[in-house]
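Below: data24.cif (mmCIF, C-alpha atoms and all ligand atoms)
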```cif
data_target
#
loop_
_atom_site.label_atom_id
_atom_site.label_comp_id
_atom_site.auth_asym_id
_atom_site.auth_seq_id
_atom_site.Cartn_x
_atom_site.Cartn_y
_atom_site.Cartn_z
CA MET B 771 86.23 112.47 83.82
CA MET B 772 89.66 111.08 84.68
CA HIS B 773 91.82 110.06 81.70
CA PHE B 774 94.51 107.41 81.72
CA ASP B 775 97.81 109.31 81.44
CA PRO B 776 100.75 107.58 83.18
CA SER B 777 103.04 110.51 82.29
CA LYS B 778 101.22 112.45 85.04
CA ILE B 779 102.25 109.91 87.66
CA GLU B 780 105.32 110.45 89.83
CA VAL B 781 106.58 106.97 90.73
CA LEU B 782 107.04 106.33 94.46
CA TYR B 783 107.34 102.52 94.45
CA SER B 784 108.68 100.66 91.43
CA GLU B 785 107.65 97.08 90.64
CA LYS B 786 110.87 95.93 92.29
CA ASP B 787 110.18 98.03 95.43
CA LEU B 788 106.71 96.51 95.69
CA GLU B 789 108.07 93.01 95.24
CA ARG B 790 110.55 93.52 98.07
CA ILE B 791 107.83 94.83 100.40
CA VAL B 792 105.50 91.93 99.53
CA GLU B 793 108.29 89.40 100.13
CA ARG B 794 109.07 90.86 103.55
CA LEU B 795 105.40 90.88 104.56
CA ALA B 796 104.97 87.27 103.43
CA SER B 797 107.91 86.12 105.54
CA GLU B 798 106.57 87.99 108.59
CA ILE B 799 103.16 86.39 108.07
CA ASN B 800 104.64 82.90 107.56
CA ALA B 801 106.69 83.31 110.74
CA TYR B 802 103.66 84.43 112.73
CA TYR B 803 101.27 81.66 111.69
CA THR B 804 103.55 78.65 111.34
CA PRO B 805 103.72 77.90 115.10
CA ILE B 806 99.95 78.26 115.61
CA THR B 807 98.11 76.88 112.57
CA ASP B 808 98.55 75.22 109.18
CA GLU B 809 95.57 76.97 107.58
CA ILE B 810 94.43 80.57 107.25
CA THR B 811 91.49 82.28 105.60
CA ALA B 812 92.75 85.28 103.63
CA VAL B 813 90.15 87.94 102.87
CA CYS B 814 90.83 90.19 99.90
CA ILE B 815 89.28 93.64 100.29
CA LEU B 816 88.31 94.49 96.75
CA LYS B 817 88.93 96.19 94.53
CA GLY B 818 92.14 97.89 95.65
CA SER B 819 93.80 94.77 97.11
CA VAL B 820 93.50 92.62 94.00
CA HIS B 821 97.18 92.65 92.95
CA PHE B 822 98.62 92.77 96.46
CA TYR B 823 96.48 89.81 97.58
CA SER B 824 97.51 87.72 94.63
CA ASP B 825 101.24 88.48 94.93
CA LEU B 826 101.27 88.07 98.72
CA LEU B 827 99.49 84.71 98.85
CA LYS B 828 101.82 83.15 96.28
CA ARG B 829 104.48 83.48 98.98
CA ILE B 830 102.53 82.04 101.93
CA ASN B 831 103.65 78.55 103.01
CA LEU B 832 100.34 77.46 104.56
CA LYS B 833 97.01 76.16 103.37
CA VAL B 834 95.13 79.31 102.35
CA ARG B 835 91.37 79.56 101.91
CA TYR B 836 90.52 82.43 99.57
CA ASN B 837 87.71 84.82 100.38
CA PHE B 838 86.62 88.13 98.92
CA VAL B 839 84.70 91.14 100.12
CA HIS B 840 83.95 94.14 97.97
CA VAL B 841 83.41 97.35 99.88
CA SER B 842 84.07 100.94 98.88
CA SER B 843 83.69 104.40 100.26
CA TYR B 844 85.88 106.73 98.19
CA SER B 845 84.83 109.15 95.48
CA GLY B 846 87.75 110.89 93.76
CA SER B 847 90.40 111.41 96.43
CA SER B 848 88.09 111.80 99.43
CA THR B 849 86.10 109.43 101.57
CA THR B 850 82.33 109.70 101.48
CA GLY B 851 82.26 108.29 105.02
CA ARG B 852 79.66 105.77 103.86
CA ILE B 853 80.75 102.17 103.36
CA ARG B 854 79.02 100.41 100.50
CA VAL B 855 79.10 96.62 100.67
CA LYS B 856 78.83 95.01 97.24
CA THR B 857 79.99 91.45 98.03
CA TRP B 858 80.51 89.72 101.36
CA VAL B 859 82.41 86.55 102.44
CA ASP B 860 80.83 83.42 100.99
CA GLU B 861 81.78 80.97 103.74
CA SER B 862 81.77 81.05 107.51
CA VAL B 863 84.92 82.26 109.26
CA THR B 864 83.90 80.77 112.61
CA ASP B 865 86.99 79.16 114.24
CA LYS B 866 89.18 80.25 111.30
CA TYR B 867 92.40 82.22 111.45
CA VAL B 868 91.42 85.24 109.38
CA LEU B 869 93.93 87.49 107.64
CA LEU B 870 92.37 90.67 106.24
CA VAL B 871 94.33 91.91 103.24
CA GLU B 872 94.05 95.63 102.49
CA ASP B 873 95.97 97.81 100.02
CA ILE B 874 95.88 101.02 102.05
CA VAL B 875 94.57 102.19 105.40
CA ASP B 876 93.75 105.88 105.58
CA THR B 877 90.98 106.76 108.06
CA GLY B 878 90.63 103.06 108.95
CA GLY B 879 86.88 103.24 108.34
CA THR B 880 86.82 100.40 105.80
CA LEU B 881 88.75 97.97 108.00
CA ARG B 882 86.88 98.96 111.17
CA TYR B 883 83.60 98.12 109.44
CA ILE B 884 84.84 94.74 108.19
CA ILE B 885 86.54 93.75 111.46
CA ASN B 886 83.38 94.40 113.47
CA TYR B 887 81.36 92.04 111.30
CA ILE B 888 84.07 89.37 111.08
CA TRP B 889 84.44 89.21 114.90
CA LYS B 890 80.70 88.52 115.26
CA GLN B 891 81.31 85.15 113.55
CA LYS B 892 83.74 84.14 116.32
CA PRO B 893 86.90 83.43 114.31
CA ALA B 894 89.93 81.85 116.03
CA GLY B 895 91.82 85.08 115.36
CA VAL B 896 91.95 88.13 113.10
CA LYS B 897 95.12 89.78 111.80
CA LEU B 898 95.46 92.73 109.45
CA VAL B 899 97.99 93.25 106.70
CA SER B 900 98.13 96.44 104.67
CA LEU B 901 100.54 97.32 101.90
CA PHE B 902 100.40 101.00 102.86
CA GLU B 903 99.38 102.83 105.96
CA LYS B 904 98.78 106.52 106.46
CA THR B 905 99.65 107.90 109.85
CA ILE B 906 96.37 108.87 111.47
CA HIS B 907 93.47 106.44 111.82
CA GLU B 908 90.33 108.00 113.21
CA HIS B 909 88.84 104.56 113.76
CA GLY B 910 91.47 103.07 116.07
CA VAL B 911 92.57 100.26 113.76
CA LYS B 912 95.90 98.58 114.55
CA ILE B 913 97.68 97.02 111.58
CA ASP B 914 99.66 93.87 112.41
CA PHE B 915 101.76 93.75 109.24
CA THR B 916 102.50 97.03 107.45
CA GLY B 917 104.29 97.29 104.11
CA ASP B 918 105.21 100.95 104.34
CA ARG B 919 103.98 104.13 105.96
CA ILE B 920 103.19 106.96 103.59
CA GLY B 921 102.45 110.63 104.09
CA ASP B 922 99.29 112.41 103.10
CA LEU B 923 99.51 111.68 99.38
CA PHE B 924 96.76 110.16 97.27
CA VAL B 925 98.49 107.24 95.60
CA VAL B 926 97.44 105.14 92.60
CA GLY B 927 98.59 102.00 90.80
CA TYR B 928 98.97 98.31 91.73
CA GLY B 929 95.22 98.14 92.42
CA LEU B 930 94.76 101.64 93.85
CA ASP B 931 92.57 103.97 91.80
CA PHE B 932 91.50 107.53 91.29
CA ASP B 933 87.87 107.26 90.19
CA GLU B 934 88.53 103.70 88.93
CA VAL B 935 91.50 104.76 86.76
CA TYR B 936 95.18 103.67 87.18
CA ARG B 937 94.56 100.39 89.01
CA ASN B 938 96.45 98.52 86.31
CA LEU B 939 99.77 100.36 86.68
CA PRO B 940 102.43 97.88 87.89
CA TYR B 941 103.97 100.57 90.14
CA VAL B 942 102.59 103.04 92.72
CA GLY B 943 102.79 106.80 92.48
CA TYR B 944 100.87 110.03 92.87
CA LEU B 945 99.25 112.38 90.42
CA LYS B 946 101.59 115.34 89.91
CA SER B 947 98.73 117.66 88.95
CA ASP B 948 96.98 116.80 92.19
CA LEU B 949 99.57 118.58 94.36
C1 LIG R 1001 90.15 102.50 99.41
C2 LIG R 1001 91.29 101.56 99.77
C3 LIG R 1001 90.89 101.04 101.12
C4 LIG R 1001 90.17 102.21 101.75
C5 LIG R 1001 91.08 102.94 102.70
O1 LIG R 1001 89.05 101.75 98.92
O2 LIG R 1001 91.40 100.52 98.80
O3 LIG R 1001 90.01 99.95 101.00
O4 LIG R 1001 89.81 103.09 100.66
O5 LIG R 1001 90.48 104.09 103.23
P1 LIG R 1001 89.93 104.21 104.72
O6 LIG R 1001 90.97 103.65 105.64
O7 LIG R 1001 89.76 105.68 104.90
O8 LIG R 1001 88.64 103.47 104.80
P2 LIG R 1001 87.92 102.44 98.02
O9 LIG R 1001 86.79 102.87 98.88
O10 LIG R 1001 88.55 103.47 97.14
O11 LIG R 1001 87.40 101.22 97.14
P3 LIG R 1001 88.27 100.37 96.08
O12 LIG R 1001 89.20 99.49 96.89
O13 LIG R 1001 87.29 99.58 95.33
O14 LIG R 1001 89.04 101.35 95.26
MN MN R 1002 89.57 99.45 98.93
MG MG R 1003 89.36 103.29 95.51
#
```

Output the file's structure in the form of structure tokens.
Amino acid sequence: MMHFDPSKIEVLYSEKDLERIVERLASEINAYYTPITDEITAVCILKGSVHFYSDLLKRINLKVRYNFVHVSSYSGSSTTGRIRVKTWVDESVTDKYVLLVEDIVDTGGTLRYIINYIWKQKPAGVKLVSLFEKTIHEHGVKIDFTGDRIGDLFVVGYGLDFDEVYRNLPYVGYLKSDL
């Protein structure tokens, strides 16, 4: 069982660092959508995106419809390869400008799965924003707005967990003992 022990976390992104990244992403997203639409549907990919979604959308200057999906596939620090869907969007995204909001893209399996289903509803467009992106995506997912690229480290905090622990840290870091 994983215990909560923040002294084991090496900080990689402070609260201030995260705020700067979120601000930059919000201005890129505002600049992209403003000429084409006054409304977007933002989909939060729970649970990891909870804090990022909330902080990002507070800085979007458009009408934003909120939507939530809850999917997961990780156990400890490795993917099970199986996507479990616990909650799905509760309103149609047909003809909507959909922004999928993810905390981290690793293999891309989670986003690939969601994108395939979202496109079936014939949205007006789909864009992807991810706070973090690892370098290799086996599933050919292209992120439109990336906060930062990170190496092959398992990071926690600001929504990201290790077996459901550490989501509530206001910063992002890695477990020292895990190296
Ligand atoms: C994590 C993370 C992303 C996904 C990224 O979710 O939040 O959603 O894995 O990995 P991938 O690109 O290899 O699919 P997780 O399955 O841990 O669920 P959680 O968000 O509820 O923690
Ligand atoms: Mn997730
Ligand atoms: Mg997780």

Once you count all atoms listed in the file, what closest atom pair and distance in Å to one decimal does each residue of chain B within 10 Å of ligand MN 1002 (chain R) have, with rows by chain and rising residue number, as a Markdown table?
```
| residue | atom | partner | partner_atom | distance |
| --- | --- | --- | --- | --- |
| B:Cys814 | CA | R:MN1002 | MN | 9.4 |
| B:Ile815 | CA | R:MN1002 | MN | 6.0 |
| B:Leu816 | CA | R:MN1002 | MN | 5.6 |
| B:Lys817 | CA | R:MN1002 | MN | 5.5 |
| B:Gly818 | CA | R:MN1002 | MN | 4.4 |
| B:Ser819 | CA | R:MN1002 | MN | 6.6 |
| B:Val820 | CA | R:MN1002 | MN | 9.3 |
| B:Val839 | CA | R:MN1002 | MN | 9.7 |
| B:His840 | CA | R:MN1002 | MN | 7.8 |
| B:Val841 | CA | R:MN1002 | MN | 6.6 |
| B:Ser842 | CA | R:MN1002 | MN | 5.7 |
| B:Ser843 | CA | R:MN1002 | MN | 7.8 |
| B:Tyr844 | CA | R:MN1002 | MN | 8.2 |
| B:Val871 | CA | R:MN1002 | MN | 9.9 |
| B:Glu872 | CA | R:MN1002 | MN | 6.9 |
| B:Asp873 | CA | R:MN1002 | MN | 6.7 |
| B:Ile874 | CA | R:MN1002 | MN | 7.2 |
| B:Val875 | CA | R:MN1002 | MN | 8.6 |
| B:Thr880 | CA | R:MN1002 | MN | 7.5 |
| B:Leu881 | CA | R:MN1002 | MN | 9.2 |
| B:Gly929 | CA | R:MN1002 | MN | 8.7 |
| B:Leu930 | CA | R:MN1002 | MN | 7.6 |
| B:Asp931 | CA | R:MN1002 | MN | 9.0 |
```

### Message
Would you pick out the contacts of B:Leu870 at 7 Å or less, using only C-alpha atoms, so that residues sharing its chain but fewer than 4 positions from it are not included, and give the list as a ChimeraX atom specification?
### Response
/B:812-814,897-899

### Polymer residues at most 12 Å from B:Ser784, all atoms listed in the file, same-chain spacing of 5 or more positions, as a PyMOL selection string
chain B and resi 779+789-791+927-928+939-943

### Task
Please provide as a list of chain:residue names all residues within 12 Å of B:Leu795, with the sequence filter that same-chain residues fewer than 5 positions apart are discarded (counting all atoms listed in the file).
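That gives B:Leu788, B:Glu789, B:Arg790, B:Asn800, B:Ala801, B:Tyr802, B:Phe822, B:Tyr823, B:Asp825, B:Leu826, B:Leu827, B:Lys828, B:Arg829, B:Ile830, B:Val871, B:Leu898, B:Val899, B:Ser900, B:Leu901, B:Phe902, B:Asp914, B:Phe915, B:Thr916, B:Gly917, B:Asp918.
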
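Using only C-alpha atoms, the protein and nucleic acid residues lying no more than 10 Å from B:Lys866, apart from those fewer than 5 places from it along its own chain, are B:Thr807, B:Glu809, B:Ile810, B:Thr811, B:Ala812, B:Arg835, B:Gln891, B:Lys892, B:Pro893, B:Ala894, B:Gly895, B:Val896.
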
### Pick from B:Tyr883, B:Tyr944, B:Trp889, B:Tyr867, whichever lies nearest to B:Val911 using all atoms listed in the file
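Checking each of B:Tyr883, B:Tyr944, B:Trp889, B:Tyr867 against B:Val911, counting all atoms listed in the file, the winner is B:Tyr883.
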
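Taking atom CA of B:Val834 and atom CA of B:Gly910 as endpoints, the distance between them is 27.7 Å.
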
### Task
Would you mind telling me which residue in B:Asp775, B:Glu798, B:Asp876, B:Glu903 lies nearest to ligand MG 1003 (chain R) when using only C-alpha atoms and all ligand atoms?
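Smallest separation from ligand MG 1003 (chain R) among the options: B:Asp876.
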
### Task
Quick one: pull the distance between atom O10 of ligand LIG 1001 (chain R) and atom CA of B:His821, Å, one decimal.
14.5 Å

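Counting all atoms listed in the file and comparing B:Arg794, B:His773, B:Arg854, B:Lys833, the residue that lies closest to ligand LIG 1001 (chain R) is B:Arg854.
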
### Message
Using all atoms listed in the file and a cutoff of 6 Å, can you tell me which residues are near (94.1, 110.6, 108.6) in the file's coordinates, and write them out as a PyMOL selection string?
### Response
chain B and resi 876-877+906-907

Export C-alpha atoms of the chosen residues as a short mmCIF file (atom, residue, chain, number, x, y, z; two decimals), in the frame of the given file?
```cif
data_model
loop_
_atom_site.label_atom_id
_atom_site.label_comp_id
_atom_site.auth_asym_id
_atom_site.auth_seq_id
_atom_site.Cartn_x
_atom_site.Cartn_y
_atom_site.Cartn_z
CA ASP B 876 93.75 105.88 105.58
CA THR B 877 90.98 106.76 108.06
CA ILE B 906 96.37 108.87 111.47
CA HIS B 907 93.47 106.44 111.82
#
```

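In this model, the gap between atom O6 of ligand LIG 1001 (chain R) and atom CA of B:Gly879 comes to 4.9 Å.
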
### Counting only C-alpha atoms and all ligand atoms, the option among B:Ile853, B:Ile913, B:Val781, B:Met771 closest to ligand MG 1003 (chain R)
B:Ile853

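Comparing the minimum interatomic distances between ligand MG 1003 (chain R) and each of B:Arg937, B:Lys778, B:Lys904, B:Lys856, counting only C-alpha atoms and all ligand atoms, we find that B:Arg937 sits nearest.
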
### Message
Here is a test: counting all atoms listed in the file, which residue of B:Val863, B:Leu782, B:Val925, B:Val868 is nearest to B:Gly846?
### Response
B:Val925
